[in-house]
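Down below is the structure, laid out as structure tokens.
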Amino acid sequence: MIMILRSFASNQPYVLVSLPIAVGAVLLPSIWMQPLRSLDLNLPLSAELSGLFTEPWVTSIAAVAIVLLGSWLSNAVFNRSEFYNTPTYVVALLFALFGSVFAMYQLNFSVLLAGLLVLLGLERQLCIFKQSRVLSLCFETGFWYGLATLLFPPFATLIAGAWIALLFNRAFNLREHLLLLISFSLPFLYWFVYLFWFDRTHDFVLFRIIASFDPPKLSFQWTWTLFYLVLIAGCGLIIGLPRYLKPADRAGNRTKMVKNTFLIMAVAQVCSMLIGYTLYHVWILPASLVVAVVMLGYWFTNYRYSLLAPLVFYALMILGALTVSCHYLTMPS
């Protein structure tokens with residue numbers, strides 16, 4: 001077990017072979033044993049997606065596929081954007097860990113798919129640097145963020161983060177900012193046309209919440225293992241933030257731009273989580289996957305410069321295993 005962090009932090013792509021085995025071992029037993037706990041948020045496309053996942057085996061296999069795709073995509077964005085000077089695969093491991101654990105307790109395909117779209121938009125956005133023309137990148141960035149917001153409306157904060165990052169990294173260009181807004185709006189236009197065609201314009205609502213004077217009821221119960229997993233991950237983000245802001249090695253201009261852009265988008269995504277909690281009265285953990293895996297992945301990759309990083313990493317691994325055991329060994333409430 002001591003070699004896990006060293007293996008994934010080095011340039012050894014073969015370690016990715018273990019991820020399908022690990023994610024499958026976590027989520028596939030739900031077909032026969034304890035079912036995955038869904039999180040009903042009544043999102044805009046929830047009705048369309050719920051019809052695709054009616055059987056338990058389809059739900060479990062789809063969750064495995066989405067988590068594995070997110071693991072590969074998040075790691076690809078991390079390596080291609082040159083967060084670190086050599087390829088590393090810690091981010092893929094962390095996405096597999098958090099994604100599979102969160103899917104057991106808060107399975108919502110709209111939120112999971114929205115996270116994948118955020119990664120696609122982030123990959124396009126991090127390519128924007130000092131090129132003479134970046135209109136196509138701005139269009140693709142806004143489109144992916146708009147599609148993610150259609151699936152999970154609190155992600156609307158991402159367009160504000162994209163605007164701020166664009167102002168921070170480039171001289172002001174009105175066409176680039178207008179193109180971000182236009183491309184962000186396109187998925188909503190397509191969705192409205194779809195609803196209009198099927199005479200369902202009354203469903204053109206982003207947020208559906210029930211107003212009540214009763215105290216909010218959480219949509220799921222926190223187990224002690226999940227609570228400490230989230231707590232230690234949050235502490236790791238705070239402890240590792242100085243390393244992210246002031247790396248030990250010399251960073252080039254592109255690396256600084258990438259890290260500053262991601263930091264702005266991370267703040268925007270944290271704001272979306274706060275909005276989600278305000279509207280739905282529950283901390284939507286899958287919405288934090290992108291921020292958690294990239295920030296923690298960067299810190300764990302630099303574990304040689306920190307005594308706490310390996311301890312936090314293995315604490316998360318142990319708590320993840322205990323959370324899975326707790327899920328399958330307890331009776332449904």
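We label chains A, B, ... in the order they appear in the structure tokens, count residues from 1 in each chain, and number ligands from 1 in the order shown.
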
Discussion item. Env of Met273 of chain A: 10 Å cut, atoms = only C-alpha atoms, seq-sep filter 3 positions within chain, self excluded. Answer as a count of residues only.
Written reply: 18

Using DSSP on the backbone coordinates, identify all residues within segment 116-247 of chain A classified as helix (DSSP H, G or I); present the result as an mmCIF file with N, CA, C and O atoms, in the first residue's frame.
data_model
loop_
_atom_site.group_PDB
_atom_site.id
_atom_site.type_symbol
_atom_site.label_atom_id
_atom_site.label_comp_id
_atom_site.auth_asym_id
_atom_site.auth_seq_id
_atom_site.Cartn_x
_atom_site.Cartn_y
_atom_site.Cartn_z
ATOM 1 N N LEU A 116 -18.459 16.021 -16.168
ATOM 2 C CA LEU A 116 -17.681 15.685 -17.363
ATOM 3 C C LEU A 116 -17.667 16.845 -18.352
ATOM 4 O O LEU A 116 -16.633 17.147 -18.968
ATOM 5 N N LEU A 117 -18.810 17.519 -18.502
ATOM 6 C CA LEU A 117 -18.876 18.659 -19.414
ATOM 7 C C LEU A 117 -18.033 19.830 -18.903
ATOM 8 O O LEU A 117 -17.444 20.565 -19.697
ATOM 9 N N VAL A 118 -17.980 20.002 -17.590
ATOM 10 C CA VAL A 118 -17.114 21.032 -17.016
ATOM 11 C C VAL A 118 -15.656 20.743 -17.366
ATOM 12 O O VAL A 118 -14.884 21.648 -17.701
ATOM 13 N N LEU A 119 -15.262 19.475 -17.312
ATOM 14 C CA LEU A 119 -13.889 19.117 -17.677
ATOM 15 C C LEU A 119 -13.610 19.406 -19.142
ATOM 16 O O LEU A 119 -12.518 19.872 -19.495
ATOM 17 N N LEU A 120 -14.584 19.148 -20.012
ATOM 18 C CA LEU A 120 -14.398 19.457 -21.430
ATOM 19 C C LEU A 120 -14.248 20.961 -21.640
ATOM 20 O O LEU A 120 -13.393 21.414 -22.413
ATOM 21 N N GLY A 121 -15.091 21.751 -20.961
ATOM 22 C CA GLY A 121 -14.958 23.197 -21.072
ATOM 23 C C GLY A 121 -13.659 23.706 -20.480
ATOM 24 O O GLY A 121 -13.025 24.621 -21.021
ATOM 25 N N LEU A 122 -13.241 23.107 -19.377
ATOM 26 C CA LEU A 122 -11.994 23.512 -18.737
ATOM 27 C C LEU A 122 -10.793 23.218 -19.624
ATOM 28 O O LEU A 122 -9.840 24.016 -19.700
ATOM 29 N N GLU A 123 -10.832 22.085 -20.320
ATOM 30 C CA GLU A 123 -9.724 21.738 -21.218
ATOM 31 C C GLU A 123 -9.583 22.771 -22.336
ATOM 32 O O GLU A 123 -8.472 23.181 -22.692
ATOM 33 N N ARG A 124 -10.725 23.225 -22.880
ATOM 34 C CA ARG A 124 -10.696 24.257 -23.911
ATOM 35 C C ARG A 124 -10.246 25.603 -23.338
ATOM 36 O O ARG A 124 -9.478 26.339 -23.962
ATOM 37 N N GLN A 125 -10.738 25.920 -22.148
ATOM 38 C CA GLN A 125 -10.401 27.210 -21.548
ATOM 39 C C GLN A 125 -8.925 27.312 -21.209
ATOM 40 O O GLN A 125 -8.316 28.374 -21.369
ATOM 41 N N LEU A 135 -11.092 32.802 -30.697
ATOM 42 C CA LEU A 135 -12.554 32.832 -30.766
ATOM 43 C C LEU A 135 -13.145 31.429 -30.725
ATOM 44 O O LEU A 135 -14.164 31.193 -30.067
ATOM 45 N N SER A 136 -12.504 30.494 -31.422
ATOM 46 C CA SER A 136 -13.032 29.127 -31.417
ATOM 47 C C SER A 136 -12.937 28.510 -30.033
ATOM 48 O O SER A 136 -13.852 27.805 -29.588
ATOM 49 N N LEU A 137 -11.843 28.779 -29.315
ATOM 50 C CA LEU A 137 -11.700 28.258 -27.958
ATOM 51 C C LEU A 137 -12.738 28.888 -27.022
ATOM 52 O O LEU A 137 -13.296 28.203 -26.161
ATOM 53 N N CYS A 138 -12.995 30.179 -27.171
ATOM 54 C CA CYS A 138 -14.015 30.837 -26.347
ATOM 55 C C CYS A 138 -15.386 30.253 -26.621
ATOM 56 O O CYS A 138 -16.182 30.038 -25.687
ATOM 57 N N PHE A 139 -15.669 29.973 -27.886
ATOM 58 C CA PHE A 139 -16.975 29.400 -28.228
ATOM 59 C C PHE A 139 -17.145 28.013 -27.603
ATOM 60 O O PHE A 139 -18.181 27.724 -26.989
ATOM 61 N N GLU A 140 -16.141 27.172 -27.756
ATOM 62 C CA GLU A 140 -16.241 25.821 -27.204
ATOM 63 C C GLU A 140 -16.310 25.849 -25.680
ATOM 64 O O GLU A 140 -17.054 25.074 -25.067
ATOM 65 N N THR A 141 -15.546 26.744 -25.048
ATOM 66 C CA THR A 141 -15.579 26.859 -23.589
ATOM 67 C C THR A 141 -16.976 27.229 -23.109
ATOM 68 O O THR A 141 -17.536 26.583 -22.215
ATOM 69 N N GLY A 142 -17.561 28.270 -23.690
ATOM 70 C CA GLY A 142 -18.894 28.692 -23.282
ATOM 71 C C GLY A 142 -19.950 27.641 -23.557
ATOM 72 O O GLY A 142 -20.878 27.447 -22.762
ATOM 73 N N PHE A 143 -19.817 26.927 -24.684
ATOM 74 C CA PHE A 143 -20.818 25.910 -25.029
ATOM 75 C C PHE A 143 -20.817 24.760 -24.017
ATOM 76 O O PHE A 143 -21.872 24.333 -23.552
ATOM 77 N N TRP A 144 -19.628 24.251 -23.665
ATOM 78 C CA TRP A 144 -19.564 23.151 -22.712
ATOM 79 C C TRP A 144 -20.056 23.579 -21.337
ATOM 80 O O TRP A 144 -20.753 22.834 -20.656
ATOM 81 N N TYR A 145 -19.704 24.803 -20.923
ATOM 82 C CA TYR A 145 -20.179 25.291 -19.634
ATOM 83 C C TYR A 145 -21.700 25.496 -19.657
ATOM 84 O O TYR A 145 -22.385 25.244 -18.660
ATOM 85 N N GLY A 146 -22.232 25.948 -20.774
ATOM 86 C CA GLY A 146 -23.679 26.106 -20.882
ATOM 87 C C GLY A 146 -24.401 24.785 -20.817
ATOM 88 O O GLY A 146 -25.456 24.658 -20.173
ATOM 89 N N LEU A 147 -23.843 23.759 -21.485
ATOM 90 C CA LEU A 147 -24.459 22.439 -21.441
ATOM 91 C C LEU A 147 -24.395 21.851 -20.032
ATOM 92 O O LEU A 147 -25.333 21.203 -19.564
ATOM 93 N N ALA A 148 -23.277 22.099 -19.331
ATOM 94 C CA ALA A 148 -23.159 21.647 -17.941
ATOM 95 C C ALA A 148 -24.187 22.352 -17.053
ATOM 96 O O ALA A 148 -24.782 21.734 -16.156
ATOM 97 N N THR A 149 -24.418 23.628 -17.300
ATOM 98 C CA THR A 149 -25.389 24.381 -16.513
ATOM 99 C C THR A 149 -26.805 23.903 -16.792
ATOM 100 O O THR A 149 -27.657 23.895 -15.895
ATOM 101 N N LEU A 150 -27.084 23.499 -18.019
ATOM 102 C CA LEU A 150 -28.402 22.957 -18.337
ATOM 103 C C LEU A 150 -28.676 21.678 -17.551
ATOM 104 O O LEU A 150 -29.804 21.426 -17.111
ATOM 105 N N LEU A 151 -27.633 20.875 -17.340
ATOM 106 C CA LEU A 151 -27.786 19.655 -16.563
ATOM 107 C C LEU A 151 -27.833 19.948 -15.061
ATOM 108 O O LEU A 151 -28.587 19.303 -14.324
ATOM 109 N N PRO A 153 -28.073 23.439 -12.945
ATOM 110 C CA PRO A 153 -28.160 24.901 -13.025
ATOM 111 C C PRO A 153 -27.223 25.683 -12.113
ATOM 112 O O PRO A 153 -26.781 26.773 -12.517
ATOM 113 N N PRO A 154 -26.869 25.230 -10.885
ATOM 114 C CA PRO A 154 -25.919 26.022 -10.093
ATOM 115 C C PRO A 154 -24.570 26.254 -10.765
ATOM 116 O O PRO A 154 -23.838 27.166 -10.372
ATOM 117 N N PHE A 155 -24.240 25.460 -11.791
ATOM 118 C CA PHE A 155 -22.994 25.692 -12.517
ATOM 119 C C PHE A 155 -23.039 26.962 -13.368
ATOM 120 O O PHE A 155 -22.072 27.236 -14.105
ATOM 121 N N ALA A 156 -24.104 27.741 -13.269
ATOM 122 C CA ALA A 156 -24.170 29.016 -13.984
ATOM 123 C C ALA A 156 -23.061 29.957 -13.542
ATOM 124 O O ALA A 156 -22.686 30.888 -14.276
ATOM 125 N N THR A 157 -22.508 29.737 -12.355
ATOM 126 C CA THR A 157 -21.397 30.569 -11.884
ATOM 127 C C THR A 157 -20.148 30.387 -12.741
ATOM 128 O O THR A 157 -19.243 31.228 -12.693
ATOM 129 N N LEU A 158 -20.086 29.321 -13.516
ATOM 130 C CA LEU A 158 -18.892 29.072 -14.324
ATOM 131 C C LEU A 158 -18.703 30.125 -15.410
ATOM 132 O O LEU A 158 -17.568 30.445 -15.773
ATOM 133 N N ILE A 159 -19.799 30.646 -15.953
ATOM 134 C CA ILE A 159 -19.656 31.639 -17.003
ATOM 135 C C ILE A 159 -19.063 32.921 -16.426
ATOM 136 O O ILE A 159 -18.257 33.600 -17.077
ATOM 137 N N ALA A 160 -19.423 33.255 -15.191
ATOM 138 C CA ALA A 160 -18.808 34.419 -14.541
ATOM 139 C C ALA A 160 -17.320 34.174 -14.310
ATOM 140 O O ALA A 160 -16.483 35.074 -14.525
ATOM 141 N N GLY A 161 -16.971 32.956 -13.864
ATOM 142 C CA GLY A 161 -15.559 32.626 -13.686
ATOM 143 C C GLY A 161 -14.789 32.671 -14.998
ATOM 144 O O GLY A 161 -13.638 33.132 -15.040
ATOM 145 N N ALA A 162 -15.408 32.204 -16.089
ATOM 146 C CA ALA A 162 -14.742 32.229 -17.392
ATOM 147 C C ALA A 162 -14.493 33.665 -17.854
ATOM 148 O O ALA A 162 -13.435 33.975 -18.425
ATOM 149 N N TRP A 163 -15.452 34.554 -17.619
ATOM 150 C CA TRP A 163 -15.261 35.966 -17.969
ATOM 151 C C TRP A 163 -14.106 36.584 -17.178
ATOM 152 O O TRP A 163 -13.266 37.272 -17.723
ATOM 153 N N ILE A 164 -14.099 36.337 -15.873
ATOM 154 C CA ILE A 164 -13.041 36.902 -15.035
ATOM 155 C C ILE A 164 -11.674 36.361 -15.453
ATOM 156 O O ILE A 164 -10.685 37.104 -15.529
ATOM 157 N N ALA A 165 -11.601 35.048 -15.711
ATOM 158 C CA ALA A 165 -10.328 34.457 -16.130
ATOM 159 C C ALA A 165 -9.862 35.031 -17.461
ATOM 160 O O ALA A 165 -8.661 35.265 -17.670
ATOM 161 N N LEU A 166 -10.812 35.274 -18.374
ATOM 162 C CA LEU A 166 -10.445 35.847 -19.666
ATOM 163 C C LEU A 166 -9.912 37.265 -19.502
ATOM 164 O O LEU A 166 -8.940 37.663 -20.160
ATOM 165 N N LEU A 167 -10.531 38.052 -18.623
ATOM 166 C CA LEU A 167 -10.033 39.399 -18.341
ATOM 167 C C LEU A 167 -8.661 39.364 -17.674
ATOM 168 O O LEU A 167 -7.816 40.227 -17.916
ATOM 169 N N PHE A 168 -8.463 38.346 -16.841
ATOM 170 C CA PHE A 168 -7.215 38.250 -16.091
ATOM 171 C C PHE A 168 -6.044 37.864 -16.985
ATOM 172 O O PHE A 168 -4.908 38.297 -16.755
ATOM 173 N N ASN A 169 -6.310 37.051 -18.012
ATOM 174 C CA ASN A 169 -5.222 36.487 -18.816
ATOM 175 C C ASN A 169 -4.991 37.193 -20.146
ATOM 176 O O ASN A 169 -3.924 37.032 -20.738
ATOM 177 N N LEU A 174 -14.008 42.602 -26.929
ATOM 178 C CA LEU A 174 -15.462 42.485 -26.794
ATOM 179 C C LEU A 174 -15.998 41.246 -27.496
ATOM 180 O O LEU A 174 -16.906 40.580 -26.987
ATOM 181 N N ARG A 175 -15.436 40.902 -28.647
ATOM 182 C CA ARG A 175 -15.934 39.744 -29.391
ATOM 183 C C ARG A 175 -15.744 38.451 -28.604
ATOM 184 O O ARG A 175 -16.616 37.567 -28.625
ATOM 185 N N GLU A 176 -14.611 38.323 -27.923
ATOM 186 C CA GLU A 176 -14.362 37.107 -27.149
ATOM 187 C C GLU A 176 -15.372 36.955 -26.020
ATOM 188 O O GLU A 176 -15.893 35.859 -25.782
ATOM 189 N N HIS A 177 -15.684 38.063 -25.336
ATOM 190 C CA HIS A 177 -16.620 37.990 -24.216
ATOM 191 C C HIS A 177 -18.055 37.775 -24.712
ATOM 192 O O HIS A 177 -18.821 37.029 -24.085
ATOM 193 N N LEU A 178 -18.420 38.402 -25.811
ATOM 194 C CA LEU A 178 -19.753 38.186 -26.373
ATOM 195 C C LEU A 178 -19.905 36.746 -26.856
ATOM 196 O O LEU A 178 -20.973 36.138 -26.702
ATOM 197 N N LEU A 179 -18.835 36.197 -27.428
ATOM 198 C CA LEU A 179 -18.899 34.825 -27.924
ATOM 199 C C LEU A 179 -19.057 33.842 -26.769
ATOM 200 O O LEU A 179 -19.754 32.821 -26.902
ATOM 201 N N LEU A 180 -18.430 34.123 -25.636
ATOM 202 C CA LEU A 180 -18.631 33.289 -24.450
ATOM 203 C C LEU A 180 -20.106 33.259 -24.054
ATOM 204 O O LEU A 180 -20.669 32.188 -23.774
ATOM 205 N N LEU A 181 -20.739 34.429 -24.028
ATOM 206 C CA LEU A 181 -22.146 34.511 -23.632
ATOM 207 C C LEU A 181 -23.054 33.837 -24.648
ATOM 208 O O LEU A 181 -23.979 33.098 -24.286
ATOM 209 N N ILE A 182 -22.803 34.066 -25.936
ATOM 210 C CA ILE A 182 -23.652 33.474 -26.976
ATOM 211 C C ILE A 182 -23.554 31.956 -26.965
ATOM 212 O O ILE A 182 -24.565 31.246 -27.009
ATOM 213 N N SER A 183 -22.327 31.440 -26.900
ATOM 214 C CA SER A 183 -22.160 29.981 -26.893
ATOM 215 C C SER A 183 -22.705 29.362 -25.613
ATOM 216 O O SER A 183 -23.230 28.248 -25.629
ATOM 217 N N PHE A 184 -22.597 30.072 -24.494
ATOM 218 C CA PHE A 184 -23.168 29.588 -23.238
ATOM 219 C C PHE A 184 -24.688 29.486 -23.335
ATOM 220 O O PHE A 184 -25.297 28.596 -22.719
ATOM 221 N N SER A 185 -25.318 30.373 -24.114
ATOM 222 C CA SER A 185 -26.777 30.394 -24.225
ATOM 223 C C SER A 185 -27.311 29.374 -25.223
ATOM 224 O O SER A 185 -28.509 29.052 -25.189
ATOM 225 N N LEU A 186 -26.479 28.879 -26.114
ATOM 226 C CA LEU A 186 -26.952 27.981 -27.172
ATOM 227 C C LEU A 186 -27.637 26.724 -26.648
ATOM 228 O O LEU A 186 -28.710 26.348 -27.148
ATOM 229 N N PRO A 187 -27.075 25.993 -25.654
ATOM 230 C CA PRO A 187 -27.778 24.799 -25.165
ATOM 231 C C PRO A 187 -29.186 25.094 -24.641
ATOM 232 O O PRO A 187 -30.101 24.282 -24.834
ATOM 233 N N PHE A 188 -29.363 26.266 -24.031
ATOM 234 C CA PHE A 188 -30.691 26.626 -23.541
ATOM 235 C C PHE A 188 -31.648 26.914 -24.699
ATOM 236 O O PHE A 188 -32.841 26.613 -24.620
ATOM 237 N N LEU A 189 -31.127 27.487 -25.776
ATOM 238 C CA LEU A 189 -31.949 27.720 -26.958
ATOM 239 C C LEU A 189 -32.399 26.398 -27.579
ATOM 240 O O LEU A 189 -33.576 26.228 -27.922
ATOM 241 N N TYR A 190 -31.480 25.452 -27.715
ATOM 242 C CA TYR A 190 -31.835 24.141 -28.254
ATOM 243 C C TYR A 190 -32.864 23.442 -27.364
ATOM 244 O O TYR A 190 -33.804 22.808 -27.862
ATOM 245 N N TRP A 191 -32.666 23.561 -26.057
ATOM 246 C CA TRP A 191 -33.595 22.923 -25.129
ATOM 247 C C TRP A 191 -34.982 23.541 -25.224
ATOM 248 O O TRP A 191 -36.001 22.846 -25.201
ATOM 249 N N PHE A 192 -35.061 24.871 -25.366
ATOM 250 C CA PHE A 192 -36.355 25.528 -25.491
ATOM 251 C C PHE A 192 -37.049 25.111 -26.785
ATOM 252 O O PHE A 192 -38.275 24.890 -26.805
ATOM 253 N N VAL A 193 -36.293 25.000 -27.874
ATOM 254 C CA VAL A 193 -36.883 24.542 -29.137
ATOM 255 C C VAL A 193 -37.415 23.126 -28.985
ATOM 256 O O VAL A 193 -38.507 22.789 -29.481
ATOM 257 N N TYR A 194 -36.668 22.271 -28.291
ATOM 258 C CA TYR A 194 -37.120 20.903 -28.045
ATOM 259 C C TYR A 194 -38.426 20.887 -27.251
ATOM 260 O O TYR A 194 -39.378 20.165 -27.596
ATOM 261 N N LEU A 195 -38.512 21.679 -26.199
ATOM 262 C CA LEU A 195 -39.733 21.735 -25.395
ATOM 263 C C LEU A 195 -40.885 22.351 -26.178
ATOM 264 O O LEU A 195 -42.040 21.908 -26.065
ATOM 265 N N PHE A 196 -40.587 23.360 -26.981
ATOM 266 C CA PHE A 196 -41.636 23.985 -27.792
ATOM 267 C C PHE A 196 -42.182 23.005 -28.827
ATOM 268 O O PHE A 196 -43.385 22.961 -29.093
ATOM 269 N N TRP A 197 -41.295 22.200 -29.398
ATOM 270 C CA TRP A 197 -41.721 21.251 -30.423
ATOM 271 C C TRP A 197 -42.679 20.209 -29.851
ATOM 272 O O TRP A 197 -43.622 19.797 -30.517
ATOM 273 N N THR A 201 -43.468 23.800 -23.070
ATOM 274 C CA THR A 201 -42.788 25.037 -22.691
ATOM 275 C C THR A 201 -42.933 25.344 -21.205
ATOM 276 O O THR A 201 -42.141 26.122 -20.656
ATOM 277 N N HIS A 202 -43.920 24.752 -20.542
ATOM 278 C CA HIS A 202 -44.058 24.964 -19.097
ATOM 279 C C HIS A 202 -42.906 24.322 -18.315
ATOM 280 O O HIS A 202 -42.722 24.622 -17.130
ATOM 281 N N ASP A 203 -42.147 23.428 -18.957
ATOM 282 C CA ASP A 203 -41.010 22.797 -18.295
ATOM 283 C C ASP A 203 -39.723 23.597 -18.443
ATOM 284 O O ASP A 203 -38.665 23.155 -17.991
ATOM 285 N N TRP A 224 -20.412 7.957 9.388
ATOM 286 C CA TRP A 224 -19.226 8.559 10.000
ATOM 287 C C TRP A 224 -18.011 8.456 9.084
ATOM 288 O O TRP A 224 -17.151 9.356 9.062
ATOM 289 N N THR A 225 -17.946 7.392 8.290
ATOM 290 C CA THR A 225 -16.813 7.249 7.369
ATOM 291 C C THR A 225 -16.867 8.294 6.262
ATOM 292 O O THR A 225 -15.847 8.894 5.911
ATOM 293 N N LEU A 226 -18.050 8.527 5.710
ATOM 294 C CA LEU A 226 -18.190 9.539 4.668
ATOM 295 C C LEU A 226 -17.928 10.930 5.221
ATOM 296 O O LEU A 226 -17.301 11.768 4.563
ATOM 297 N N PHE A 227 -18.389 11.176 6.435
ATOM 298 C CA PHE A 227 -18.160 12.484 7.063
ATOM 299 C C PHE A 227 -16.664 12.754 7.209
ATOM 300 O O PHE A 227 -16.181 13.840 6.849
ATOM 301 N N TYR A 228 -15.916 11.788 7.718
ATOM 302 C CA TYR A 228 -14.482 12.001 7.909
ATOM 303 C C TYR A 228 -13.738 12.019 6.574
ATOM 304 O O TYR A 228 -12.701 12.688 6.451
ATOM 305 N N LEU A 229 -14.232 11.290 5.593
ATOM 306 C CA LEU A 229 -13.623 11.344 4.264
ATOM 307 C C LEU A 229 -13.718 12.754 3.694
ATOM 308 O O LEU A 229 -12.727 13.306 3.198
ATOM 309 N N VAL A 230 -14.903 13.342 3.767
ATOM 310 C CA VAL A 230 -15.098 14.703 3.267
ATOM 311 C C VAL A 230 -14.313 15.702 4.116
ATOM 312 O O VAL A 230 -13.711 16.655 3.593
ATOM 313 N N LEU A 231 -14.306 15.491 5.433
ATOM 314 C CA LEU A 231 -13.598 16.407 6.324
ATOM 315 C C LEU A 231 -12.097 16.415 6.048
ATOM 316 O O LEU A 231 -11.469 17.484 5.941
ATOM 317 N N ILE A 232 -11.501 15.239 5.928
ATOM 318 C CA ILE A 232 -10.059 15.163 5.675
ATOM 319 C C ILE A 232 -9.723 15.692 4.285
ATOM 320 O O ILE A 232 -8.694 16.356 4.093
ATOM 321 N N ALA A 233 -10.592 15.416 3.314
ATOM 322 C CA ALA A 233 -10.361 15.970 1.981
ATOM 323 C C ALA A 233 -10.403 17.498 2.021
ATOM 324 O O ALA A 233 -9.576 18.173 1.385
ATOM 325 N N GLY A 234 -11.353 18.077 2.757
ATOM 326 C CA GLY A 234 -11.422 19.526 2.889
ATOM 327 C C GLY A 234 -10.193 20.097 3.584
ATOM 328 O O GLY A 234 -9.650 21.125 3.157
ATOM 329 N N CYS A 235 -9.736 19.424 4.637
ATOM 330 C CA CYS A 235 -8.514 19.860 5.312
ATOM 331 C C CYS A 235 -7.310 19.765 4.382
ATOM 332 O O CYS A 235 -6.419 20.638 4.393
ATOM 333 N N GLY A 236 -7.266 18.703 3.571
ATOM 334 C CA GLY A 236 -6.170 18.562 2.618
ATOM 335 C C GLY A 236 -6.157 19.685 1.589
ATOM 336 O O GLY A 236 -5.086 20.166 1.196
ATOM 337 N N LEU A 237 -7.346 20.119 1.155
ATOM 338 C CA LEU A 237 -7.409 21.235 0.211
ATOM 339 C C LEU A 237 -6.847 22.514 0.823
ATOM 340 O O LEU A 237 -6.129 23.275 0.167
ATOM 341 N N ILE A 238 -7.170 22.742 2.086
ATOM 342 C CA ILE A 238 -6.679 23.950 2.760
ATOM 343 C C ILE A 238 -5.172 23.875 2.985
ATOM 344 O O ILE A 238 -4.429 24.834 2.743
ATOM 345 N N ILE A 239 -4.695 22.711 3.445
ATOM 346 C CA ILE A 239 -3.261 22.560 3.722
ATOM 347 C C ILE A 239 -2.438 22.622 2.434
ATOM 348 O O ILE A 239 -1.337 23.187 2.404
ATOM 349 N N GLY A 240 -2.969 22.032 1.355
ATOM 350 C CA GLY A 240 -2.219 21.996 0.100
ATOM 351 C C GLY A 240 -2.318 23.260 -0.726
ATOM 352 O O GLY A 240 -1.607 23.392 -1.731
ATOM 353 N N LEU A 241 -3.184 24.212 -0.339
ATOM 354 C CA LEU A 241 -3.351 25.433 -1.125
ATOM 355 C C LEU A 241 -2.067 26.258 -1.221
ATOM 356 O O LEU A 241 -1.742 26.761 -2.304
ATOM 357 N N PRO A 242 -1.292 26.439 -0.130
ATOM 358 C CA PRO A 242 -0.027 27.193 -0.276
ATOM 359 C C PRO A 242 0.931 26.569 -1.284
ATOM 360 O O PRO A 242 1.630 27.287 -2.009
ATOM 361 N N ARG A 243 0.992 25.239 -1.336
ATOM 362 C CA ARG A 243 1.850 24.572 -2.308
ATOM 363 C C ARG A 243 1.374 24.852 -3.725
ATOM 364 O O ARG A 243 2.179 25.008 -4.653
ATOM 365 N N TYR A 244 0.047 24.923 -3.906
ATOM 366 C CA TYR A 244 -0.504 25.233 -5.230
ATOM 367 C C TYR A 244 -0.189 26.665 -5.635
ATOM 368 O O TYR A 244 0.145 26.943 -6.791
ATOM 369 N N LEU A 245 -0.286 27.592 -4.677
ATOM 370 C CA LEU A 245 -0.067 29.001 -4.985
ATOM 371 C C LEU A 245 1.410 29.333 -5.160
ATOM 372 O O LEU A 245 1.769 30.190 -5.983
#

Fill in: One-decimal distance in Å that lies between atom CA of Ser38 of chain A and atom CA of Ile21 of chain A
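Answer for the atom CA of Ile21 of chain A to atom CA of Ser38 of chain A separation: 22.9 Å.
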
Practice prompt. Within 9 Å of segment 77-81 of chain A, counting only C-alpha atoms, which residues show up once you throw out same-chain ones fewer than 5 positions away? Write them as a PyMOL selection string, please.
Written response: chain A and resi 72+86-89+91+119-120+122-123+126-127+254-255+258+294+297-298

Worksheet item: Leaving out Arg304 of chain A and any residue of its chain fewer than 2 positions from it, which residues lie within 12 Å of it when counting only C-alpha atoms, given as a ChimeraX atom specification?
Response: /A:5-6,9-10,243,248,298-302,306-311

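Atom pair atom CA of Tyr280 of chain A / atom CA of Ala62 of chain A has a distance of 24.5 Å (rounded to one decimal).
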
Practice prompt. Identify, on the basis of only C-alpha atoms, every residue whose closest approach to Leu68 of chain A does not exceed 9 Å; exclude the query and any residue fewer than 3 positions from it along the same chain; express the result as a ChimeraX atom specification.
Written response: /A:19-20,23,63-65,71-73,92,95-96,99

Could you save the residues just selected, with C-alpha atoms, as a short mmCIF file (atom, residue, chain, number, x, y, z; two decimals), in the first residue's frame?
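Below is the file selection-v4.cif, written as the result:
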data_model
loop_
_atom_site.label_atom_id
_atom_site.label_comp_id
_atom_site.auth_asym_id
_atom_site.auth_seq_id
_atom_site.Cartn_x
_atom_site.Cartn_y
_atom_site.Cartn_z
CA LEU A 19 -8.83 1.77 -11.95
CA PRO A 20 -11.55 -0.19 -13.83
CA VAL A 23 -14.29 1.20 -9.57
CA ALA A 63 -22.15 4.85 -12.96
CA VAL A 64 -18.96 2.83 -13.47
CA ALA A 65 -18.61 4.09 -17.04
CA SER A 71 -11.01 9.70 -14.23
CA TRP A 72 -9.44 9.57 -17.66
CA LEU A 73 -10.68 13.02 -18.68
CA ALA A 92 -7.26 9.76 -12.10
CA PHE A 95 -11.46 10.89 -9.28
CA ALA A 96 -12.04 7.14 -9.20
CA GLY A 99 -16.46 9.57 -7.83
#

Fill in: Given only C-alpha atoms as the counted atoms, nearest of A:Leu319, A:Val312, A:Val205, A:Leu296 to Pro44 of chain A
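Closest to Pro44 of chain A of all the choices is A:Val205.
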
Fill in: Among listed residues A:Ser18, A:Gln131, A:Ser50, A:Ser7, nearest Leu97 of chain A (using only C-alpha atoms)
A:Ser18

Worksheet, complete the sentence: atom CA of Asn42 of chain A to atom CA of Ala292 of chain A measures 24.9 Å
